[in-house]
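Coordinates from input.txt are shown below (compact mmCIF, C-alpha atoms).
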```txt
# COMPACT_ATOMS: atom_id res chain seq x y z
CA MET P 1 -6.95 -22.35 -14.58
CA SER P 2 -9.65 -19.85 -13.64
CA LEU P 3 -9.51 -16.21 -14.72
CA GLU P 4 -8.92 -15.26 -11.09
CA GLN P 5 -5.85 -17.52 -10.90
CA GLN P 6 -4.62 -16.21 -14.24
CA LEU P 7 -4.92 -12.63 -13.03
CA GLU P 8 -2.89 -13.46 -9.94
CA ASP P 9 -0.21 -15.15 -12.02
CA PHE P 10 -0.21 -12.27 -14.49
CA ALA P 11 0.10 -9.61 -11.80
CA ARG P 12 2.92 -11.34 -9.95
CA ARG P 13 4.88 -12.00 -13.13
CA MET P 14 4.39 -8.46 -14.39
CA ILE P 15 5.82 -6.97 -11.19
CA ASP P 16 8.84 -9.24 -11.22
CA TYR P 17 9.53 -9.29 -14.96
CA HIS P 18 9.52 -5.53 -15.39
CA GLY P 19 11.58 -4.84 -12.28
CA PHE P 20 8.90 -3.31 -10.06
CA LEU P 21 8.59 -3.91 -6.33
CA PHE P 22 6.10 -6.40 -4.88
CA ASN P 23 4.95 -5.11 -1.51
CA GLU P 24 2.06 -4.48 0.88
CA GLY P 25 0.38 -7.79 0.24
CA PHE P 26 -0.25 -7.53 -3.47
CA ALA P 27 0.94 -4.20 -4.79
CA CYS P 28 3.12 -2.89 -7.61
CA LEU P 29 5.53 -0.08 -6.72
CA ILE P 30 8.43 1.77 -8.30
CA PRO P 31 11.13 0.93 -5.72
CA ASP P 32 13.16 3.46 -3.81
CA ILE P 33 16.94 3.31 -4.07
CA GLU P 34 19.76 2.82 -1.61
CA PRO P 35 20.60 3.95 0.97
CA PHE P 36 16.85 4.08 1.55
CA SER P 37 14.61 1.13 2.31
CA SER P 38 14.26 -1.32 -0.56
CA ASP P 39 10.71 -2.28 0.42
CA GLU P 40 9.07 1.09 -0.27
CA GLY P 41 8.37 3.12 -3.35
CA LEU P 42 5.86 4.96 -5.54
CA PHE P 43 2.58 3.03 -5.43
CA LEU P 44 1.16 2.21 -8.89
CA TRP P 45 -1.60 -0.29 -8.07
CA GLY P 46 -2.73 -3.01 -5.70
CA TYR P 47 -4.98 -6.03 -6.21
CA SER P 48 -7.85 -6.67 -3.81
CA GLU P 49 -9.20 -10.21 -3.73
CA LYS P 50 -12.16 -9.23 -1.60
CA ARG P 51 -13.35 -6.69 -4.14
CA GLN P 52 -11.63 -8.54 -7.01
CA ARG P 53 -10.17 -5.46 -8.56
CA PHE P 54 -7.03 -3.51 -9.36
CA GLU P 55 -7.01 -0.20 -7.50
CA THR P 56 -4.84 2.87 -7.04
CA LYS P 57 -3.93 4.63 -3.77
CA ILE P 58 -2.87 8.12 -4.76
CA GLU P 59 -2.98 9.31 -1.15
CA LYS P 60 0.35 7.54 -0.66
CA PHE P 61 2.06 10.15 -2.84
CA HIS P 62 1.40 13.09 -0.54
CA THR P 63 2.34 11.78 2.89
CA SER P 64 4.96 13.85 4.68
CA SER P 65 7.30 10.86 4.80
CA ARG P 66 7.01 10.29 1.02
CA ILE P 67 7.67 13.94 0.18
CA ALA P 68 10.68 14.01 2.50
CA ARG P 69 11.95 10.72 1.04
CA MET P 70 11.87 12.03 -2.53
CA GLU P 71 13.66 15.21 -1.52
CA GLN P 72 16.41 13.21 0.19
CA MET P 73 16.62 10.43 -2.38
CA VAL P 74 16.72 12.37 -5.64
CA LYS P 75 17.09 15.97 -4.44
CA VAL P 76 13.68 17.03 -5.75
CA PRO P 77 12.44 20.11 -3.85
CA GLU P 78 9.01 19.65 -2.29
CA LYS P 79 7.42 22.34 -4.46
CA GLU P 80 8.74 20.77 -7.67
CA TYR P 81 7.81 17.25 -6.56
CA LYS P 82 4.22 18.32 -5.88
CA LYS P 83 3.90 20.15 -9.19
CA ILE P 84 5.32 17.36 -11.35
CA LEU P 85 3.65 14.46 -9.53
CA ALA P 86 0.23 16.12 -9.42
CA ALA P 87 0.21 16.29 -13.21
CA SER P 88 1.74 12.82 -13.58
CA ILE P 89 -0.81 11.21 -11.28
CA GLN P 90 -3.72 12.79 -13.11
CA GLY P 91 -2.29 11.64 -16.43
CA TYR P 92 -1.94 8.09 -15.09
CA LEU P 93 -5.49 8.04 -13.75
CA LYS P 94 -6.81 9.40 -17.05
CA ALA P 95 -5.14 6.55 -18.94
CA LEU P 96 -6.68 3.97 -16.61
CA LYS P 97 -10.12 5.56 -16.94
CA GLY P 98 -9.77 5.37 -20.70
CA LEU P 99 -9.34 1.64 -20.25
CA GLY P 100 -12.57 1.34 -18.26
CA PHE P 101 -11.44 1.94 -14.68
CA ASN P 102 -13.97 3.79 -12.47
CA ASP P 103 -13.70 6.28 -9.60
CA ILE P 104 -13.81 4.94 -6.04
CA GLY P 105 -13.64 6.41 -2.55
CA LYS P 106 -14.37 9.87 -1.23
CA GLY P 107 -11.62 11.63 -3.10
CA VAL P 108 -8.18 12.90 -2.16
CA ASN P 109 -7.13 16.54 -1.86
CA LEU P 110 -3.76 15.77 -3.39
CA PHE P 111 -1.00 17.95 -1.94
CA GLY P 112 -3.62 20.11 -0.25
CA SER P 113 -5.43 21.04 -3.45
CA LYS P 114 -9.02 22.22 -3.08
CA THR P 115 -10.07 19.95 -5.95
CA LYS P 116 -10.54 16.30 -5.07
CA ILE P 117 -9.00 13.58 -7.17
CA TYR P 118 -10.46 10.09 -7.01
CA ASN P 119 -8.72 6.75 -6.91
CA VAL P 120 -9.77 4.36 -9.65
CA GLN P 121 -10.48 0.65 -9.82
CA GLY P 122 -10.72 -1.95 -12.53
CA ASP P 123 -12.93 -4.95 -11.69
CA ALA P 124 -11.77 -8.41 -12.67
CA LYS P 125 -15.02 -8.61 -14.65
CA LEU P 126 -13.73 -5.76 -16.78
CA PHE P 127 -11.23 -8.22 -18.24
CA GLU P 128 -13.41 -11.34 -18.22
CA ASN P 129 -14.70 -10.93 -21.75
CA ASN P 130 -12.10 -8.44 -22.83
CA LEU P 131 -8.58 -9.74 -22.30
CA ASP P 132 -7.27 -7.11 -24.69
CA ALA P 133 -8.03 -4.58 -21.94
CA LEU P 134 -5.67 -6.49 -19.65
CA LYS P 135 -2.97 -6.26 -22.29
CA GLU P 136 -3.53 -2.52 -22.53
CA PHE P 137 -3.34 -2.31 -18.74
CA GLU P 138 0.19 -3.73 -18.84
CA LYS P 139 1.15 -1.27 -21.58
CA ILE P 140 -0.11 1.62 -19.44
CA ILE P 141 1.98 0.43 -16.50
CA LEU P 142 5.06 0.35 -18.76
CA ASP P 143 4.39 3.79 -20.22
CA ASN P 144 2.78 6.16 -17.74
CA PRO P 145 3.74 9.63 -16.43
CA ILE P 146 4.64 8.43 -12.92
CA LEU P 147 7.09 5.89 -14.32
CA LYS P 148 8.49 8.55 -16.66
CA PHE P 149 9.00 10.82 -13.63
CA ALA P 150 11.15 8.16 -11.93
CA GLU P 151 13.05 7.34 -15.11
CA ASP P 152 13.74 11.01 -15.87
CA LEU P 153 15.27 11.36 -12.41
CA GLY P 154 17.54 8.44 -13.27
CA TYR P 155 16.79 6.21 -10.30
CA PHE P 156 14.64 3.58 -11.97
CA GLU P 157 14.49 1.93 -15.37
CA VAL P 158 11.79 -0.52 -16.31
CA LYS P 159 12.96 -3.91 -17.51
CA ASN P 160 11.86 -5.74 -20.66
CA ARG P 161 9.77 -2.86 -21.91
CA ASP P 162 9.36 -4.42 -25.37
CA LYS P 163 7.96 -7.73 -24.11
CA LEU P 164 4.63 -8.28 -22.40
CA VAL P 165 3.92 -10.76 -19.64
CA PHE P 166 0.36 -10.88 -20.94
CA ASP P 167 1.47 -12.93 -23.95
CA SER P 168 3.10 -15.63 -21.84
CA VAL P 169 0.30 -15.87 -19.27
CA PHE P 170 -2.61 -15.82 -21.68
CA GLY P 171 -0.84 -17.38 -24.64
CA GLY P 172 -1.62 -14.48 -26.93
CA ARG P 173 -5.33 -14.93 -26.32
CA SER P 174 -7.60 -12.00 -26.84
CA GLU P 175 -11.35 -11.86 -27.03
CA PRO P 176 -13.06 -14.92 -28.52
CA GLN P 177 -12.60 -14.98 -32.28
CA VAL P 178 -16.29 -15.53 -32.89
CA LYS P 179 -18.32 -13.01 -31.01
CA LYS P 180 -21.67 -11.68 -32.06
CA PRO P 181 -21.89 -7.89 -32.19
CA VAL P 182 -24.94 -7.89 -29.98
CA LYS P 183 -22.96 -9.50 -27.16
CA LYS P 184 -20.18 -6.98 -27.50
CA VAL P 185 -22.67 -4.14 -27.35
CA ALA P 186 -24.35 -5.71 -24.33
CA ALA P 187 -21.03 -6.05 -22.53
CA LYS P 188 -20.17 -2.44 -23.30
CA LYS P 189 -23.57 -1.30 -22.07
CA GLU P 190 -23.16 -3.32 -18.90
CA ARG P 191 -19.78 -1.68 -18.19
CA ALA P 192 -21.26 1.78 -18.84
CA GLN P 193 -24.12 1.09 -16.44
CA LYS P 194 -21.65 -0.16 -13.84
CA ALA P 195 -19.56 3.00 -14.22
CA GLU P 196 -22.68 5.13 -13.74
CA ARG P 197 -23.62 3.23 -10.59
CA THR P 198 -20.13 3.63 -9.20
CA GLN P 199 -20.09 7.38 -9.87
CA LYS P 200 -23.41 7.84 -8.09
CA ALA P 201 -22.01 6.00 -5.09
CA VAL P 202 -19.01 8.31 -4.98
CA SER P 203 -21.16 11.46 -5.03
CA SER P 204 -22.97 10.45 -1.85
CA GLN P 205 -20.88 10.11 1.30
CA LYS P 206 -23.76 8.51 3.10
CA ALA P 207 -24.11 5.86 0.43
CA GLU P 208 -20.36 5.33 0.50
CA ARG P 209 -20.37 4.67 4.23
CA THR P 210 -23.10 2.05 3.89
CA GLN P 211 -21.40 0.09 1.12
CA LYS P 212 -20.10 -3.28 2.25
CA PRO P 213 -16.51 -2.76 1.01
CA VAL P 214 -16.13 0.08 3.53
CA SER P 215 -17.62 -1.63 6.56
CA THR P 216 -16.48 -5.20 6.07
CA LYS P 217 -13.20 -6.82 7.00
CA LYS P 218 -10.01 -5.67 5.36
CA THR P 219 -8.80 -6.68 1.91
CA ARG P 220 -7.37 -10.18 1.55
CA LEU P 221 -4.68 -11.42 -0.75
CA LEU P 222 -5.40 -13.16 -4.04
CA SER P 223 -2.88 -15.89 -3.42
CA THR P 224 -2.48 -19.62 -3.00
CA THR P 225 1.09 -19.44 -1.64
CA PRO P 226 1.89 -20.28 2.02
CA LEU P 227 2.41 -16.60 2.74
CA GLY P 228 -0.83 -15.75 0.98
CA ASP P 229 -2.70 -18.32 3.07
CA LYS P 230 -1.13 -16.87 6.20
CA LEU P 231 -2.21 -13.34 5.35
CA LYS P 232 -5.69 -14.49 4.31
CA LYS P 233 -6.11 -16.01 7.76
CA MET P 234 -4.94 -12.79 9.36
CA ALA P 235 -7.30 -10.72 7.25
CA ALA P 236 -10.23 -13.01 8.03
CA SER P 237 -9.61 -12.62 11.75
CA GLN P 238 -9.74 -8.85 11.63
CA PRO P 239 -12.99 -7.54 13.11
CA ASP P 240 -15.43 -5.20 11.43
CA SER P 241 -14.96 -1.66 12.60
CA SER P 242 -17.67 0.92 13.10
CA LEU P 243 -15.08 3.57 13.96
CA ASP P 244 -14.28 6.25 11.43
CA GLY P 245 -12.71 9.67 11.31
CA GLU P 246 -11.56 11.10 14.59
CA ALA P 247 -12.62 8.08 16.64
CA ASN P 248 -10.59 5.75 14.45
CA ARG P 249 -7.50 7.94 14.62
CA THR P 250 -7.84 8.26 18.40
CA ALA P 251 -8.09 4.49 18.86
CA TRP P 252 -5.01 3.92 16.68
CA SER P 253 -3.02 6.61 18.49
CA LYS P 254 -3.90 5.04 21.83
CA GLN P 255 -2.53 1.66 20.73
CA VAL P 256 0.66 3.27 19.43
CA ASN P 257 1.27 5.18 22.66
CA SER P 258 0.61 2.03 24.68
CA LEU P 259 3.30 0.26 22.66
CA TYR P 260 5.77 3.08 23.34
CA LYS P 261 5.12 2.79 27.08
CA ASN P 262 5.85 -0.94 26.89
CA VAL P 263 9.09 -0.31 24.99
CA GLN P 264 10.24 2.19 27.62
CA THR P 265 9.33 -0.25 30.39
CA TRP P 266 11.17 -3.12 28.72
CA LEU P 267 14.31 -1.03 28.36
CA SER P 268 14.02 0.81 31.69
CA ALA P 269 17.04 -0.95 33.23
CA HIS P 270 19.24 0.20 30.34
CA ALA P 271 17.78 3.70 30.59
CA LYS P 272 18.60 3.89 34.33
CA SER P 273 22.18 2.92 33.51
CA GLY P 274 22.33 5.82 31.05
CA TYR P 275 22.70 3.59 27.99
CA ILE P 276 19.37 4.50 26.36
CA SER P 277 17.20 7.61 26.33
CA PHE P 278 13.78 8.13 24.79
CA ASP P 279 12.36 10.98 22.73
CA ILE P 280 8.75 11.22 21.48
CA ASN P 281 8.09 13.47 18.49
CA PRO P 282 4.81 14.24 16.69
CA ILE P 283 4.64 13.52 12.95
CA GLN P 284 1.98 14.24 10.32
CA LEU P 285 0.29 11.48 8.32
CA ALA P 286 -2.43 11.55 5.67
CA GLN P 287 -4.74 8.75 4.49
CA GLU P 288 -7.80 8.49 2.30
CA ASN P 289 -11.03 8.59 4.34
CA LEU P 290 -9.02 9.63 7.42
CA GLY P 291 -7.52 12.91 6.28
CA HIS P 292 -4.46 14.51 7.83
CA TYR P 293 -3.70 13.64 11.43
CA GLU P 294 -0.91 13.87 13.98
CA ILE P 295 0.58 10.88 15.76
CA ASP P 296 3.71 10.29 17.83
CA SER P 297 6.93 8.61 16.76
CA LEU P 298 9.44 7.22 19.27
CA GLU P 299 13.21 7.61 19.06
CA LEU P 300 15.63 5.49 21.03
CA ASP P 301 19.04 7.12 21.50
CA LEU P 302 21.54 4.40 22.36
CA VAL P 303 25.08 4.81 23.62
CA GLY P 304 27.57 5.01 20.74
CA GLY P 305 25.40 7.33 18.66
CA HIS P 306 22.90 4.69 17.54
CA GLN P 307 19.32 5.84 16.92
CA VAL P 308 16.36 3.50 16.46
CA ILE P 309 13.07 5.01 15.29
CA PHE P 310 9.51 3.74 15.74
CA GLN P 311 7.51 5.53 13.03
CA PRO P 312 3.79 4.91 12.41
CA VAL P 313 3.06 4.53 8.69
CA GLU P 314 -0.66 3.90 8.26
CA MET P 315 -3.73 2.26 9.69
CA ASN P 316 -6.39 -0.03 8.20
CA ILE P 317 -3.99 -2.06 6.07
CA LEU P 318 -4.07 -5.59 4.72
CA GLY P 319 -4.61 -8.07 7.55
CA ALA P 320 -3.81 -5.55 10.29
CA ILE P 321 -5.22 -2.59 12.18
CA GLY P 322 -2.07 -0.57 11.61
CA ARG P 323 1.63 -0.55 10.81
CA ILE P 324 4.73 0.94 12.43
CA ASP P 325 8.16 0.87 10.79
CA VAL P 326 11.15 0.37 13.07
CA TYR P 327 14.52 1.28 11.61
CA HIS P 328 18.15 1.93 12.58
CA ARG P 329 18.96 5.42 11.32
CA GLY P 330 21.85 5.37 8.88
CA TYR P 331 21.72 1.59 8.39
CA SER P 332 19.29 0.92 5.53
CA PRO P 333 19.18 -2.92 5.88
CA HIS P 334 18.11 -2.55 9.52
CA LYS P 335 14.37 -2.14 9.17
CA VAL P 336 11.36 -4.19 10.28
CA MET P 337 7.58 -3.76 10.46
CA LEU P 338 5.31 -3.97 13.46
CA LEU P 339 1.71 -4.89 12.62
CA LEU P 340 -1.13 -4.54 15.12
CA VAL P 341 -3.45 -7.51 14.57
CA ASP P 342 -6.65 -8.76 16.17
CA GLU P 343 -6.35 -12.36 17.32
CA GLY P 344 -10.05 -12.68 18.14
CA LYS P 345 -12.17 -11.95 21.19
CA ASN P 346 -10.92 -8.34 21.11
CA LYS P 347 -7.35 -9.43 21.84
CA LEU P 348 -4.88 -7.16 20.04
CA SER P 349 -1.19 -7.93 19.67
CA TRP P 350 1.87 -6.53 17.91
CA LYS P 351 3.67 -8.80 15.45
CA LEU P 352 7.26 -8.27 14.35
CA TRP P 353 7.81 -8.79 10.61
CA LYS P 354 11.48 -8.96 9.62
CA SER P 355 10.53 -9.77 6.03
CA LEU P 356 7.71 -11.24 3.93
CA LYS P 357 9.28 -14.69 4.16
CA MET P 358 7.45 -17.36 6.10
CA GLY P 359 8.83 -18.05 9.55
CA GLU P 360 10.22 -14.56 10.07
CA GLN P 361 7.20 -13.21 11.92
CA GLN P 362 6.99 -13.32 15.71
CA ALA P 363 5.31 -11.75 18.71
CA PHE P 364 6.84 -8.41 19.63
CA ASN P 365 7.83 -8.40 23.28
CA LYS P 366 10.78 -7.51 25.50
CA GLY P 367 12.85 -10.46 24.30
CA ALA P 368 12.20 -9.73 20.63
CA LEU P 369 13.09 -6.06 21.09
CA GLU P 370 16.35 -6.73 22.94
CA GLN P 371 17.34 -9.35 20.37
CA LEU P 372 16.65 -6.90 17.54
CA LEU P 373 18.68 -4.08 19.12
CA ASN P 374 21.50 -6.47 19.96
CA GLN P 375 21.71 -7.55 16.29
CA TRP P 376 21.60 -3.99 14.97
CA ILE P 377 24.31 -2.46 17.16
CA ASP P 378 26.65 -5.44 16.87
```

Will you turn the file into structure tokens for me?
Amino acid sequence: MSLEQQLEDFARRMIDYHGFLFNEGFACLIPDIEPFSSDEGLFLWGYSEKRQRFETKIEKFHTSSRIARMEQMVKVPEKEYKKILAASIQGYLKALKGLGFNDIGKGVNLFGSKTKIYNVQGDAKLFENNLDALKEFEKIILDNPILKFAEDLGYFEVKNRDKLVFDSVFGGRSEPQVKKPVKKVAAKKERAQKAERTQKAVSSQKAERTQKPVSTKKTRLLSTTPLGDKLKKMAASQPDSSLDGEANRTAWSKQVNSLYKNVQTWLSAHAKSGYISFDINPIQLAQENLGHYEIDSLELDLVGGHQVIFQPVEMNILGAIGRIDVYHRGYSPHKVMLLLVDEGKNKLSWKLWKSLKMGEQQAFNKGALEQLLNQWID
């Protein structure tokens, strides 16, 4: 088995064995608790096959929806959440940097701070000749300030803390037993040079925009499962985008509003009968490289007091141009995702994802919407 395959196996097992949440393609999260959605949480790391690296996404901690969720879920006031998490996140990033992870991206003004904090990444090559670093990576995940924050609040407890998945996946292997000092020094020097190159790239926005990882197609899964193959195909079909900043946000907002118009058209007969009304409300989102921006959400008010919300979550995600969550307020199991994907030749379409299981994805149209609402208000 190649190192790449071993890393995939290791990552998947680590998420499952220690009780974390596997989501967003290939990501490790501290899950939220009922009655909130069970497919969201505090983002610890994701694995990118395209760049072959583990990477953080600290911008996910300061979205308005995340802050509101924490306040509702564990009664943590916004001010306290920001103060505690800001320190916890920096402590977590510091631990990863001590392992050899490097800064990436343009930086995040976490919780509106004037000082930018950078996401970090650990290349697969970091572990190629240094498997002990991978073992330390697992230890950091099991003992980091963000995890402690969740455990102190009493809504999550890591499983099997005293046992490492690393030992079962790599059979207790570490670095080769016979290794000449000169090679070890060379490897260390190579990593230092790589870190220096990465830091220089971060300091120049122009250089950052011209790097291939920013301008190429979106991240693909490191997976050989049927679902992984499906998502790889989706990711491969996504076109390169020259849009950035305001232009990118405008294009995404246009697609979202077009969807809302379709939804209102599809349900117009029910609206004329007085069974459904529509309400569009602006919400605030924040993403790395895109900053803070405003976009509309759509609320369906159905007879009987039922409310169904279409809420944009983010754009430029794995295998898709953007994502909208659709949920039945007050009914936590009633939640699906809508992904905007490019099917080639500039043809965009919305796909309904009821879960990550194969066979539960379908085109989102009038029939799919009516079927979904019929199931939810039954």

- Which value, in Å to one decimal, gives the distance between atom CA of P:Trp45 and atom CA of P:Lys139? 13.8 Å

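Here atom CA of P:Gln375 stands at a distance of 26.9 Å from atom CA of P:Leu348.
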
- Leaving out P:Glu55 and any residue of its chain fewer than 5 positions from it, which residues lie within 8 Å of it when counting all atoms listed in the file, given as number ranges by chain? P: 45-48, 119-122

- Note on the structure: Separating atom CA of P:Ile30 from atom CA of P:Val108, to the nearest tenth of an Å, is a gap of 20.9 Å

- Query: Within 9 Å of P:Ile141, counting all atoms listed in the file, which residues qualify if same-chain residues fewer than 5 places away don't, as a PyMOL selection string?
  - Reply: chain P and resi 44+92+136+147

- Task: Identify which of the residues P:Ser253, P:Asn109, P:Gln284, P:Gln52 lies closest to P:Phe26, counting only C-alpha atoms when measuring atom-to-atom distances.
- Result: P:Gln52
